[in-house]
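*Asks:* Structure file my_file_7.cif (mmCIF, C-alpha atoms) right here:
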```cif
data_protein
loop_
_atom_site.group_PDB
_atom_site.id
_atom_site.type_symbol
_atom_site.label_atom_id
_atom_site.label_comp_id
_atom_site.auth_asym_id
_atom_site.auth_seq_id
_atom_site.Cartn_x
_atom_site.Cartn_y
_atom_site.Cartn_z
ATOM 1 C CA MET A 1 110.368 61.011 123.980
ATOM 2 C CA THR A 2 107.429 60.350 126.263
ATOM 3 C CA MET A 3 108.337 59.817 129.920
ATOM 4 C CA LEU A 4 106.501 57.077 131.860
ATOM 5 C CA SER A 5 104.788 58.188 135.022
ATOM 6 C CA SER A 6 106.192 56.741 138.268
ATOM 7 C CA ALA A 7 103.056 54.631 138.685
ATOM 8 C CA LYS A 8 103.298 53.191 135.153
ATOM 9 C CA LEU A 9 107.012 52.608 135.594
ATOM 10 C CA GLY A 10 106.384 50.773 138.864
ATOM 11 C CA LYS A 11 103.785 48.572 137.189
ATOM 12 C CA ALA A 12 106.172 47.833 134.329
ATOM 13 C CA VAL A 13 108.962 46.840 136.689
ATOM 14 C CA LEU A 14 106.600 44.688 138.749
ATOM 15 C CA GLY A 15 105.274 43.021 135.615
ATOM 16 C CA ALA A 16 108.773 42.249 134.385
ATOM 17 C CA ALA A 17 109.708 40.810 137.770
ATOM 18 C CA LEU A 18 106.621 38.579 137.850
ATOM 19 C CA THR A 19 107.346 37.401 134.323
ATOM 20 C CA ALA A 20 110.917 36.537 135.318
ATOM 21 C CA LEU A 21 109.727 34.664 138.396
ATOM 22 C CA THR A 22 107.161 32.752 136.365
ATOM 23 C CA PHE A 23 109.799 31.824 133.796
ATOM 24 C CA ALA A 24 112.228 30.723 136.530
ATOM 25 C CA ALA A 25 109.541 28.617 138.189
ATOM 26 C CA THR A 26 108.650 27.033 134.846
ATOM 27 C CA VAL A 27 112.292 26.212 134.120
ATOM 28 C CA SER A 28 112.757 24.847 137.656
ATOM 29 C CA SER A 29 109.662 22.670 137.272
ATOM 30 C CA ALA A 30 110.883 21.379 133.921
ATOM 31 C CA HIS A 31 114.265 20.472 135.418
ATOM 32 C CA ALA A 32 112.506 18.758 138.320
ATOM 33 C CA ASP A 33 110.407 16.715 135.904
ATOM 34 C CA ASP A 34 113.587 15.535 134.158
ATOM 35 C CA TYR A 35 115.355 14.727 137.438
ATOM 36 C CA PRO A 36 117.782 13.056 137.626
ATOM 37 C CA SER A 37 119.590 13.692 134.358
ATOM 38 C CA GLN A 38 123.167 13.621 135.669
ATOM 39 C CA PRO A 39 125.218 11.909 138.417
ATOM 40 C CA ILE A 40 124.317 12.579 142.053
ATOM 41 C CA LYS A 41 126.905 13.267 144.739
ATOM 42 C CA LEU A 42 126.409 11.765 148.207
ATOM 43 C CA ILE A 43 128.625 13.437 150.798
ATOM 44 C CA VAL A 44 129.694 11.369 153.799
ATOM 45 C CA PRO A 45 131.132 13.754 156.428
ATOM 46 C CA PHE A 46 133.410 11.066 157.855
ATOM 47 C CA ALA A 47 136.442 9.119 156.685
ATOM 48 C CA ALA A 48 136.109 6.094 154.438
ATOM 49 C CA GLY A 49 135.837 2.689 156.067
ATOM 50 C CA GLY A 50 133.507 3.496 158.971
ATOM 51 C CA GLY A 51 129.939 2.388 159.579
ATOM 52 C CA ASN A 52 128.461 5.551 158.039
ATOM 53 C CA ASP A 53 130.594 5.100 154.945
ATOM 54 C CA GLY A 54 129.568 1.469 154.482
ATOM 55 C CA ILE A 55 125.868 2.292 154.650
ATOM 56 C CA ALA A 56 126.305 5.234 152.260
ATOM 57 C CA ARG A 57 128.137 3.159 149.638
ATOM 58 C CA LEU A 58 125.554 0.396 149.600
ATOM 59 C CA LEU A 59 122.747 2.956 149.527
ATOM 60 C CA GLY A 60 124.497 4.727 146.666
ATOM 61 C CA GLN A 61 124.565 1.519 144.616
ATOM 62 C CA LEU A 62 120.878 0.869 145.217
ATOM 63 C CA LEU A 63 119.919 4.463 144.436
ATOM 64 C CA SER A 64 121.937 4.292 141.219
ATOM 65 C CA ASP A 65 119.842 1.307 140.177
ATOM 66 C CA GLY A 66 116.578 2.971 141.139
ATOM 67 C CA LEU A 67 117.254 6.448 139.720
ATOM 68 C CA LYS A 68 119.182 5.264 136.618
ATOM 69 C CA GLN A 69 122.029 7.662 137.345
ATOM 70 C CA PRO A 70 125.388 7.133 139.106
ATOM 71 C CA VAL A 71 125.473 8.072 142.794
ATOM 72 C CA VAL A 72 129.039 8.977 143.725
ATOM 73 C CA VAL A 73 129.998 8.792 147.405
ATOM 74 C CA GLU A 74 132.422 11.522 148.434
ATOM 75 C CA ASN A 75 134.071 11.439 151.888
ATOM 76 C CA ARG A 76 134.646 14.875 153.392
ATOM 77 C CA PRO A 77 135.821 14.273 156.970
ATOM 78 C CA GLY A 78 136.800 16.976 159.412
ATOM 79 C CA ALA A 79 135.610 18.883 162.467
ATOM 80 C CA GLY A 80 133.597 15.949 163.779
ATOM 81 C CA GLY A 81 131.478 15.778 160.657
ATOM 82 C CA LYS A 82 130.560 19.475 160.644
ATOM 83 C CA LEU A 83 132.772 20.315 157.641
ATOM 84 C CA GLY A 84 131.160 17.851 155.249
ATOM 85 C CA VAL A 85 127.651 18.762 156.380
ATOM 86 C CA GLU A 86 128.310 22.463 155.816
ATOM 87 C CA GLN A 87 129.654 21.812 152.322
ATOM 88 C CA GLY A 88 126.635 19.686 151.514
ATOM 89 C CA LEU A 89 124.136 22.261 152.710
ATOM 90 C CA ARG A 90 125.895 25.085 150.826
ATOM 91 C CA ALA A 91 125.577 23.261 147.496
ATOM 92 C CA THR A 92 123.138 24.214 144.738
ATOM 93 C CA PRO A 93 119.632 23.048 145.772
ATOM 94 C CA ASP A 94 118.959 20.995 142.659
ATOM 95 C CA GLY A 95 118.961 17.492 144.189
ATOM 96 C CA TYR A 96 122.388 16.584 142.829
ATOM 97 C CA THR A 97 124.180 16.986 146.165
ATOM 98 C CA LEU A 98 122.991 14.934 149.138
ATOM 99 C CA THR A 99 124.527 14.520 152.583
ATOM 100 C CA LEU A 100 124.390 11.608 154.995
ATOM 101 C CA ILE A 101 123.779 12.623 158.612
ATOM 102 C CA SER A 102 123.329 10.835 161.934
ATOM 103 C CA ASN A 103 122.392 11.729 165.514
ATOM 104 C CA SER A 104 125.392 14.035 165.791
ATOM 105 C CA TYR A 105 123.577 16.415 163.428
ATOM 106 C CA SER A 106 121.026 17.003 166.203
ATOM 107 C CA VAL A 107 123.676 17.150 168.931
ATOM 108 C CA ASN A 108 126.088 19.647 167.372
ATOM 109 C CA PRO A 109 123.857 22.762 167.611
ATOM 110 C CA SER A 110 124.102 22.553 171.411
ATOM 111 C CA LEU A 111 127.886 22.115 171.427
ATOM 112 C CA TYR A 112 129.172 24.325 168.622
ATOM 113 C CA LYS A 113 128.443 27.614 166.903
ATOM 114 C CA LEU A 114 127.421 26.337 163.486
ATOM 115 C CA PRO A 115 127.603 28.415 160.281
ATOM 116 C CA PHE A 116 124.185 27.102 159.236
ATOM 117 C CA ASP A 117 120.757 26.484 160.728
ATOM 118 C CA PRO A 118 120.290 22.689 161.045
ATOM 119 C CA VAL A 119 116.545 22.935 160.394
ATOM 120 C CA GLU A 120 115.977 25.970 158.170
ATOM 121 C CA ASP A 121 119.013 25.474 155.900
ATOM 122 C CA MET A 122 118.238 21.933 154.794
ATOM 123 C CA THR A 123 115.668 19.928 152.869
ATOM 124 C CA PRO A 124 114.873 16.633 154.630
ATOM 125 C CA ILE A 125 114.900 13.645 152.286
ATOM 126 C CA GLY A 126 114.434 10.661 154.573
ATOM 127 C CA MET A 127 115.769 8.322 157.202
ATOM 128 C CA ILE A 128 117.794 5.296 156.150
ATOM 129 C CA ALA A 129 118.150 3.138 159.248
ATOM 130 C CA ARG A 130 117.917 3.076 163.009
ATOM 131 C CA ALA A 131 119.491 0.970 165.732
ATOM 132 C CA PRO A 132 119.595 0.710 169.516
ATOM 133 C CA PHE A 133 122.262 1.163 172.083
ATOM 134 C CA PHE A 134 122.776 -1.635 174.592
ATOM 135 C CA VAL A 135 123.530 -0.970 178.257
ATOM 136 C CA SER A 136 126.570 -3.208 178.711
ATOM 137 C CA VAL A 137 128.846 -3.859 181.673
ATOM 138 C CA ASN A 138 132.028 -5.782 182.292
ATOM 139 C CA PRO A 139 131.300 -9.238 183.789
ATOM 140 C CA SER A 140 133.144 -8.235 186.959
ATOM 141 C CA VAL A 141 130.353 -5.798 187.830
ATOM 142 C CA PRO A 142 128.129 -7.719 190.323
ATOM 143 C CA VAL A 143 124.797 -7.201 188.547
ATOM 144 C CA ASP A 144 122.524 -9.385 186.439
ATOM 145 C CA SER A 145 119.918 -6.866 185.335
ATOM 146 C CA LEU A 146 119.491 -3.163 184.702
ATOM 147 C CA GLY A 147 117.553 -2.913 187.952
ATOM 148 C CA ASP A 148 120.589 -4.352 189.738
ATOM 149 C CA LEU A 149 122.840 -1.779 188.077
ATOM 150 C CA VAL A 150 120.609 1.116 189.124
ATOM 151 C CA ALA A 151 120.478 -0.229 192.688
ATOM 152 C CA LEU A 152 124.263 -0.629 192.826
ATOM 153 C CA ALA A 153 124.837 2.891 191.486
ATOM 154 C CA LYS A 154 122.471 4.300 194.115
ATOM 155 C CA LYS A 155 124.291 2.342 196.811
ATOM 156 C CA LYS A 156 127.685 3.630 195.599
ATOM 157 C CA PRO A 157 127.137 7.130 194.122
ATOM 158 C CA GLY A 158 129.981 7.883 191.726
ATOM 159 C CA GLY A 159 131.523 4.495 192.410
ATOM 160 C CA LEU A 160 131.002 3.186 188.877
ATOM 161 C CA THR A 161 132.593 4.367 185.620
ATOM 162 C CA TYR A 162 131.343 4.412 182.046
ATOM 163 C CA ALA A 163 133.179 4.803 178.758
ATOM 164 C CA SER A 164 132.163 6.828 175.711
ATOM 165 C CA SER A 165 133.561 7.512 172.255
ATOM 166 C CA GLY A 166 134.303 11.087 173.308
ATOM 167 C CA THR A 167 132.952 14.089 175.167
ATOM 168 C CA GLY A 168 129.858 15.426 173.446
ATOM 169 C CA GLY A 169 129.401 12.318 171.324
ATOM 170 C CA ILE A 170 126.066 10.564 171.127
ATOM 171 C CA SER A 171 127.178 7.677 173.379
ATOM 172 C CA HIS A 172 128.222 10.205 176.041
ATOM 173 C CA LEU A 173 125.027 12.257 175.928
ATOM 174 C CA ALA A 174 122.796 9.199 175.692
ATOM 175 C CA MET A 175 124.371 7.785 178.853
ATOM 176 C CA GLU A 176 124.031 11.119 180.637
ATOM 177 C CA ALA A 177 120.338 11.145 179.720
ATOM 178 C CA PHE A 178 119.948 7.627 181.088
ATOM 179 C CA LEU A 179 121.721 8.472 184.350
ATOM 180 C CA LYS A 180 119.556 11.559 184.801
ATOM 181 C CA THR A 181 116.349 9.621 184.151
ATOM 182 C CA ALA A 182 117.378 6.760 186.453
ATOM 183 C CA GLY A 183 118.487 9.154 189.194
ATOM 184 C CA ILE A 184 122.031 7.772 189.449
ATOM 185 C CA THR A 185 125.589 8.943 188.820
ATOM 186 C CA MET A 186 128.646 7.371 187.212
ATOM 187 C CA ILE A 187 132.062 8.764 186.343
ATOM 188 C CA HIS A 188 132.507 9.529 182.641
ATOM 189 C CA VAL A 189 135.694 8.223 180.988
ATOM 190 C CA PRO A 190 135.913 9.649 177.439
ATOM 191 C CA TYR A 191 137.963 8.010 174.683
ATOM 192 C CA LYS A 192 138.970 9.011 171.183
ATOM 193 C CA GLY A 193 136.582 6.678 169.423
ATOM 194 C CA SER A 194 134.270 3.802 170.242
ATOM 195 C CA ALA A 195 136.857 1.064 169.596
ATOM 196 C CA PRO A 196 139.239 1.954 172.470
ATOM 197 C CA ALA A 197 136.259 2.655 174.741
ATOM 198 C CA LEU A 198 134.859 -0.798 174.059
ATOM 199 C CA THR A 199 138.282 -2.429 174.495
ATOM 200 C CA ASP A 200 138.676 -0.983 177.978
ATOM 201 C CA THR A 201 135.116 -1.904 178.935
ATOM 202 C CA VAL A 202 135.679 -5.495 177.859
ATOM 203 C CA SER A 203 139.022 -5.620 179.697
ATOM 204 C CA GLY A 204 137.503 -4.215 182.897
ATOM 205 C CA GLN A 205 139.298 -0.870 182.950
ATOM 206 C CA VAL A 206 135.848 0.744 182.828
ATOM 207 C CA ASN A 207 132.629 -0.677 184.290
ATOM 208 C CA ALA A 208 129.985 0.164 181.718
ATOM 209 C CA MET A 209 129.249 1.554 178.261
ATOM 210 C CA LEU A 210 126.428 2.126 175.820
ATOM 211 C CA THR A 211 127.415 -0.184 172.980
ATOM 212 C CA THR A 212 126.061 -0.820 169.498
ATOM 213 C CA ALA A 213 124.690 -4.151 168.319
ATOM 214 C CA GLY A 214 127.493 -4.944 165.901
ATOM 215 C CA SER A 215 130.134 -4.627 168.600
ATOM 216 C CA THR A 216 128.028 -5.913 171.491
ATOM 217 C CA LEU A 217 126.607 -9.268 170.499
ATOM 218 C CA PRO A 218 129.908 -11.063 169.718
ATOM 219 C CA TYR A 219 131.302 -10.103 173.145
ATOM 220 C CA ARG A 220 128.042 -11.172 174.743
ATOM 221 C CA GLU A 221 128.261 -14.587 173.101
ATOM 222 C CA ASP A 222 131.716 -15.281 174.531
ATOM 223 C CA LYS A 223 130.680 -13.800 177.909
ATOM 224 C CA ARG A 224 133.102 -10.887 177.843
ATOM 225 C CA LEU A 225 130.228 -8.429 178.232
ATOM 226 C CA LYS A 226 127.003 -8.525 180.212
ATOM 227 C CA VAL A 227 124.254 -6.881 178.189
ATOM 228 C CA LEU A 228 121.551 -5.646 180.531
ATOM 229 C CA ALA A 229 119.071 -3.749 178.377
ATOM 230 C CA VAL A 230 118.317 -2.263 174.970
ATOM 231 C CA THR A 231 117.461 1.431 174.569
ATOM 232 C CA LEU A 232 114.606 1.071 172.077
ATOM 233 C CA PRO A 233 110.960 1.109 173.216
ATOM 234 C CA GLN A 234 110.644 -2.547 172.138
ATOM 235 C CA ARG A 235 112.954 -5.552 172.146
ATOM 236 C CA VAL A 236 115.070 -6.182 169.060
ATOM 237 C CA SER A 237 114.807 -9.195 166.775
ATOM 238 C CA SER A 238 118.578 -9.803 166.830
ATOM 239 C CA ALA A 239 118.476 -10.399 170.603
ATOM 240 C CA PRO A 240 114.851 -10.808 171.749
ATOM 241 C CA ASP A 241 115.860 -12.032 175.223
ATOM 242 C CA ILE A 242 117.401 -8.665 176.139
ATOM 243 C CA PRO A 243 114.806 -6.504 177.935
ATOM 244 C CA THR A 244 114.258 -2.831 177.234
ATOM 245 C CA VAL A 245 115.327 -0.075 179.608
ATOM 246 C CA ARG A 246 111.662 0.719 180.152
ATOM 247 C CA GLU A 247 111.022 -2.822 181.347
ATOM 248 C CA ALA A 248 113.354 -2.046 184.253
ATOM 249 C CA GLY A 249 111.133 0.879 185.213
ATOM 250 C CA VAL A 250 113.264 3.641 183.686
ATOM 251 C CA PRO A 251 111.202 5.728 181.200
ATOM 252 C CA TYR A 252 113.979 6.151 178.679
ATOM 253 C CA ASP A 253 114.738 5.219 175.083
ATOM 254 C CA VAL A 254 117.264 6.406 172.497
ATOM 255 C CA THR A 255 117.604 5.505 168.840
ATOM 256 C CA VAL A 256 120.778 5.709 166.779
ATOM 257 C CA TRP A 257 119.838 6.737 163.225
ATOM 258 C CA TYR A 258 121.155 7.662 159.779
ATOM 259 C CA GLY A 259 119.445 9.779 157.154
ATOM 260 C CA ILE A 260 119.817 11.947 154.063
ATOM 261 C CA VAL A 261 119.392 15.705 153.733
ATOM 262 C CA ALA A 262 119.842 18.178 150.862
ATOM 263 C CA PRO A 263 120.319 21.956 150.717
ATOM 264 C CA LYS A 264 117.412 24.275 151.440
ATOM 265 C CA GLY A 265 115.232 24.945 148.414
ATOM 266 C CA VAL A 266 115.240 21.589 146.613
ATOM 267 C CA PRO A 267 112.075 21.456 144.455
ATOM 268 C CA PRO A 268 109.270 19.417 146.046
ATOM 269 C CA GLN A 269 109.097 17.077 143.026
ATOM 270 C CA VAL A 270 112.791 16.253 143.419
ATOM 271 C CA GLN A 271 112.431 15.800 147.180
ATOM 272 C CA ALA A 272 109.552 13.376 146.590
ATOM 273 C CA LYS A 273 111.485 11.381 143.956
ATOM 274 C CA LEU A 274 114.507 11.051 146.240
ATOM 275 C CA ASN A 275 112.401 10.056 149.233
ATOM 276 C CA ALA A 276 110.616 7.369 147.223
ATOM 277 C CA ALA A 277 113.940 6.049 145.898
ATOM 278 C CA ILE A 278 115.469 5.874 149.383
ATOM 279 C CA ASN A 279 112.395 4.206 150.868
ATOM 280 C CA ALA A 280 112.574 1.568 148.134
ATOM 281 C CA ALA A 281 116.335 1.071 148.525
ATOM 282 C CA VAL A 282 116.434 0.563 152.294
ATOM 283 C CA VAL A 283 114.014 -2.370 152.214
ATOM 284 C CA LYS A 284 115.800 -4.262 149.436
ATOM 285 C CA PRO A 285 117.330 -7.578 150.601
ATOM 286 C CA GLU A 286 120.902 -6.347 150.111
ATOM 287 C CA MET A 287 120.380 -3.417 152.464
ATOM 288 C CA ALA A 288 118.221 -5.380 154.899
ATOM 289 C CA ASP A 289 120.910 -8.054 155.247
ATOM 290 C CA ARG A 290 123.647 -5.430 155.681
ATOM 291 C CA LEU A 291 121.680 -3.666 158.395
ATOM 292 C CA LYS A 292 120.690 -6.857 160.185
ATOM 293 C CA ALA A 293 124.340 -7.930 160.390
ATOM 294 C CA THR A 294 125.100 -4.860 162.482
ATOM 295 C CA GLY A 295 121.879 -4.900 164.510
ATOM 296 C CA GLU A 296 120.228 -2.105 162.564
ATOM 297 C CA GLU A 297 116.918 -1.975 160.722
ATOM 298 C CA ALA A 298 115.540 -0.084 157.749
ATOM 299 C CA ALA A 299 113.627 3.076 158.604
ATOM 300 C CA PRO A 300 111.620 4.212 155.566
ATOM 301 C CA GLY A 301 109.389 7.223 156.097
ATOM 302 C CA SER A 302 108.359 10.672 154.929
ATOM 303 C CA PRO A 303 110.541 13.794 154.750
ATOM 304 C CA GLN A 304 108.279 15.493 157.289
ATOM 305 C CA ALA A 305 108.674 12.649 159.785
ATOM 306 C CA PHE A 306 112.451 12.869 159.401
ATOM 307 C CA ARG A 307 112.381 16.636 159.911
ATOM 308 C CA ASP A 308 110.244 16.196 163.019
ATOM 309 C CA GLN A 309 112.764 13.683 164.410
ATOM 310 C CA ILE A 310 115.621 16.141 163.914
ATOM 311 C CA VAL A 311 113.713 19.010 165.551
ATOM 312 C CA LYS A 312 112.722 16.799 168.486
ATOM 313 C CA GLU A 313 116.292 15.630 169.068
ATOM 314 C CA ILE A 314 117.819 19.106 168.826
ATOM 315 C CA ALA A 315 115.645 20.057 171.797
ATOM 316 C CA LEU A 316 116.335 16.765 173.603
ATOM 317 C CA TRP A 317 120.121 16.908 173.343
ATOM 318 C CA GLY A 318 120.137 20.618 174.079
ATOM 319 C CA ASN A 319 118.518 19.879 177.436
ATOM 320 C CA VAL A 320 120.966 17.053 178.144
ATOM 321 C CA VAL A 321 123.975 19.245 177.318
ATOM 322 C CA ARG A 322 122.757 22.039 179.594
ATOM 323 C CA GLU A 323 121.755 19.823 182.507
ATOM 324 C CA ALA A 324 124.986 17.783 182.382
ATOM 325 C CA GLY A 325 127.157 20.857 181.852
ATOM 326 C CA VAL A 326 128.839 19.324 178.801
ATOM 327 C CA THR A 327 131.409 21.476 176.998
ATOM 328 C CA VAL A 328 133.848 20.704 174.194
ATOM 329 C CA ASN A 329 137.052 22.398 173.090
#
```
Give the structure from the file, written as structure tokens.
*Replies:*
Amino acid sequence: MTMLSSAKLGKAVLGAALTALTFAATVSSAHADDYPSQPIKLIVPFAAGGGNDGIARLLGQLLSDGLKQPVVVENRPGAGGKLGVEQGLRATPDGYTLTLISNSYSVNPSLYKLPFDPVEDMTPIGMIARAPFFVSVNPSVPVDSLGDLVALAKKKPGGLTYASSGTGGISHLAMEAFLKTAGITMIHVPYKGSAPALTDTVSGQVNAMLTTAGSTLPYREDKRLKVLAVTLPQRVSSAPDIPTVREAGVPYDVTVWYGIVAPKGVPPQVQAKLNAAINAAVVKPEMADRLKATGEEAAPGSPQAFRDQIVKEIALWGNVVREAGVTVN
């Protein structure tokens, strides 16, 4: 039997490896061209019945229509959303497992030791929607504008309180960023959820809160909340008379958003198909009406723009967490 030289053997092994890689790439491309050929799972890392869940279920219906395959929403709550996100990102990167995320995805790396990299271990698909916070105060607070609130807080350092949905949550960190930018202080009163926080703000137990449009505008209409400013760079169509924070001279804006990610390694053709389907779904009348009812708006865009938003906010919230000394159990 003739023995191969080490050089020839090395070339043979390398050739076999390249052939295998070429075959795998061809098979992957063929599967991507046929995508989707089976049902798609959309993981919502929160319990059923919440705002995230409602958006995901409507989006799932619209994607089912557009992609001609069922999109099954699966709720996997736990650990503040981290559990469901981890399960989604650990799935096979074939485009058949998607995960809904929100701002907390960009906040969590600064608060917890995560078992995944929030940028490198995911494939961005696209943003679904965005919405503002509103700077709201109880009517007993003697202010009529955001400028008045800043002046009052400077006059009485630490004399005002604000509610949040919980320590380390987006409403907490967004308010801390505002206070830092405005050069004022308030006492943080954390709650276990936005509903009890809003209840105590409306009742006057707490002075102020960053509220969302869906919960804010009804209380504004019956004068149980004063809404001083909106946190977007421009005024919102649902309440065009409410000025922006920047109009009060505070260079600050924050957007609440929702989007879709997939595991790292999803083929580019599949990523592009999913992005196009989501962009088409979010501007359909059914979704537009659903978003408008809660003060949100569709946010179609590219995967790269969504990735850039996540990277930007990881740095932003990391700075806020460090400067405010925020820790969680």
*Asks:* Dig up all the protein and nucleic acid residues within 10 Å of (122.8, 3.1, 147.0) in the file frame, using only C-alpha atoms, and format them as a ChimeraX atom specification.
*Replies:* /A:42,55-67,70-73,277-278,281-282,287
*Asks:* Could you check which of A:Ile101, A:Lys284, A:Gly126, A:Lys154 is closest to Gly51 in chain A, using all atoms listed in the file?
*Replies:*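 Closest candidate: A:Ile101.
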*Asks:* Counting only C-alpha atoms, which residue out of A:Pro157, A:Val227, A:Gly168, A:Ile128 sits closest to Asn279 in chain A?
*Replies:*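 Closest candidate: A:Ile128.
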*Asks:* Can you pull out the residues contacting Ser165 in chain A? Cut-off 7 Å, using only C-alpha atoms, and skip same-chain residues under 3 positions away; I want them as number ranges by chain.
*Replies:* A: 169, 171, 190-194, 197
*Asks:* What's the separation between CA of Ile170 in chain A and CA of Leu274 in chain A, in Å to one decimal place?
*Replies:* 27.4 Å
*Asks:* Using all atoms listed in the file, which residue out of A:Asn319, A:Phe134, A:Val266, A:Gly259 lies closest to Gly301 in chain A?
*Replies:*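 Going through A:Asn319, A:Phe134, A:Val266, A:Gly259 one by one, the smallest distance to Gly301 in chain A is for A:Gly259.
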*Asks:* State, in Å with one decimal place, the distance from CA of Lys41 in chain A to CA of Asn75 in chain A.
*Replies:*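 Separation of CA of Lys41 in chain A and CA of Asn75 in chain A: 10.3 Å.
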*Asks:* Give me, as a ChimeraX atom specification, all polymer residues having an atom no more than 9 Å from range 211-225 of chain A, counting all atoms listed in the file and skipping those fewer than 2 positions away in the same chain.
*Replies:* /A:131-139,164,171,194-195,198,201-203,209,227,238-239,256,293-296
*Asks:* Could those selected residues go to a file with C-alpha atoms, as a short mmCIF file (atom, residue, chain, number, x, y, z; two decimals), in the coordinates of the input?
*Replies:*
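Final output, saved to again_37.cif:
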```cif
data_model
loop_
_atom_site.label_atom_id
_atom_site.label_comp_id
_atom_site.auth_asym_id
_atom_site.auth_seq_id
_atom_site.Cartn_x
_atom_site.Cartn_y
_atom_site.Cartn_z
CA ALA A 131 119.49 0.97 165.73
CA PRO A 132 119.60 0.71 169.52
CA PHE A 133 122.26 1.16 172.08
CA PHE A 134 122.78 -1.64 174.59
CA VAL A 135 123.53 -0.97 178.26
CA SER A 136 126.57 -3.21 178.71
CA VAL A 137 128.85 -3.86 181.67
CA ASN A 138 132.03 -5.78 182.29
CA PRO A 139 131.30 -9.24 183.79
CA SER A 164 132.16 6.83 175.71
CA SER A 171 127.18 7.68 173.38
CA SER A 194 134.27 3.80 170.24
CA ALA A 195 136.86 1.06 169.60
CA LEU A 198 134.86 -0.80 174.06
CA THR A 201 135.12 -1.90 178.94
CA VAL A 202 135.68 -5.50 177.86
CA SER A 203 139.02 -5.62 179.70
CA MET A 209 129.25 1.55 178.26
CA VAL A 227 124.25 -6.88 178.19
CA SER A 238 118.58 -9.80 166.83
CA ALA A 239 118.48 -10.40 170.60
CA VAL A 256 120.78 5.71 166.78
CA ALA A 293 124.34 -7.93 160.39
CA THR A 294 125.10 -4.86 162.48
CA GLY A 295 121.88 -4.90 164.51
CA GLU A 296 120.23 -2.10 162.56
#
```
*Asks:* CA of Arg76 in chain A and CA of Ser102 in chain A are how many Å apart?
*Replies:*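 Going from CA of Arg76 in chain A over to CA of Ser102 in chain A, I get 14.7 Å.
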*Asks:* Report the residues retrieved by the PyMOL selection byres ((chain A and resi 245) around 6) from the displayed file, expressed as a list in words.
*Replies:*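 This file gives the following for the PyMOL selection byres ((chain A and resi 245) around 6): Ala229, Val230, Thr231, Thr244, Arg246, Glu247, Ala248 and Val250 of chain A.
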*Asks:* Please determine, counting only C-alpha atoms, which residue among A:Ala305, A:Leu111, A:Leu228, A:Val328 has the shortest atom-to-atom distance to Asn275 in chain A.
*Replies:*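 Of the candidates, the smallest distance to Asn275 in chain A is held by A:Ala305.
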*Asks:* Please, could N, CA and C atoms be added to range 160-172 of chain A and the result written as a JSON list (two decimals), in the frame of the given file?
*Replies:*
```json
[["chain", "number", "residue", "atom", "x", "y", "z"],
["A", 160, "LEU", "N", 130.89, 3.91, 190.14],
["A", 160, "LEU", "CA", 131.00, 3.19, 188.88],
["A", 160, "LEU", "C", 131.46, 4.13, 187.77],
["A", 161, "THR", "N", 132.11, 3.57, 186.75],
["A", 161, "THR", "CA", 132.59, 4.37, 185.62],
["A", 161, "THR", "C", 131.92, 3.90, 184.33],
["A", 162, "TYR", "N", 131.84, 4.81, 183.37],
["A", 162, "TYR", "CA", 131.34, 4.41, 182.05],
["A", 162, "TYR", "C", 132.20, 5.06, 180.97],
["A", 163, "ALA", "N", 132.37, 4.33, 179.88],
["A", 163, "ALA", "CA", 133.18, 4.80, 178.76],
["A", 163, "ALA", "C", 132.28, 5.39, 177.68],
["A", 164, "SER", "N", 132.86, 6.31, 176.89],
["A", 164, "SER", "CA", 132.16, 6.83, 175.71],
["A", 164, "SER", "C", 133.18, 7.04, 174.60],
["A", 165, "SER", "N", 132.68, 7.28, 173.41],
["A", 165, "SER", "CA", 133.56, 7.51, 172.26],
["A", 165, "SER", "C", 134.15, 8.91, 172.25],
["A", 166, "GLY", "N", 133.75, 9.74, 173.21],
["A", 166, "GLY", "CA", 134.30, 11.09, 173.31],
["A", 166, "GLY", "C", 133.31, 12.06, 173.91],
["A", 167, "THR", "N", 133.81, 13.08, 174.55],
["A", 167, "THR", "CA", 132.95, 14.09, 175.17],
["A", 167, "THR", "C", 132.08, 14.77, 174.11],
["A", 168, "GLY", "N", 130.79, 14.81, 174.37],
["A", 168, "GLY", "CA", 129.86, 15.43, 173.45],
["A", 168, "GLY", "C", 129.35, 14.51, 172.37],
["A", 169, "GLY", "N", 129.89, 13.28, 172.30],
["A", 169, "GLY", "CA", 129.40, 12.32, 171.32],
["A", 169, "GLY", "C", 128.06, 11.74, 171.75],
["A", 170, "ILE", "N", 127.40, 11.06, 170.83],
["A", 170, "ILE", "CA", 126.07, 10.56, 171.13],
["A", 170, "ILE", "C", 126.09, 9.53, 172.24],
["A", 171, "SER", "N", 127.14, 8.68, 172.31],
["A", 171, "SER", "CA", 127.18, 7.68, 173.38],
["A", 171, "SER", "C", 127.37, 8.33, 174.75],
["A", 172, "HIS", "N", 128.07, 9.46, 174.79],
["A", 172, "HIS", "CA", 128.22, 10.20, 176.04],
["A", 172, "HIS", "C", 126.89, 10.82, 176.47]]
```
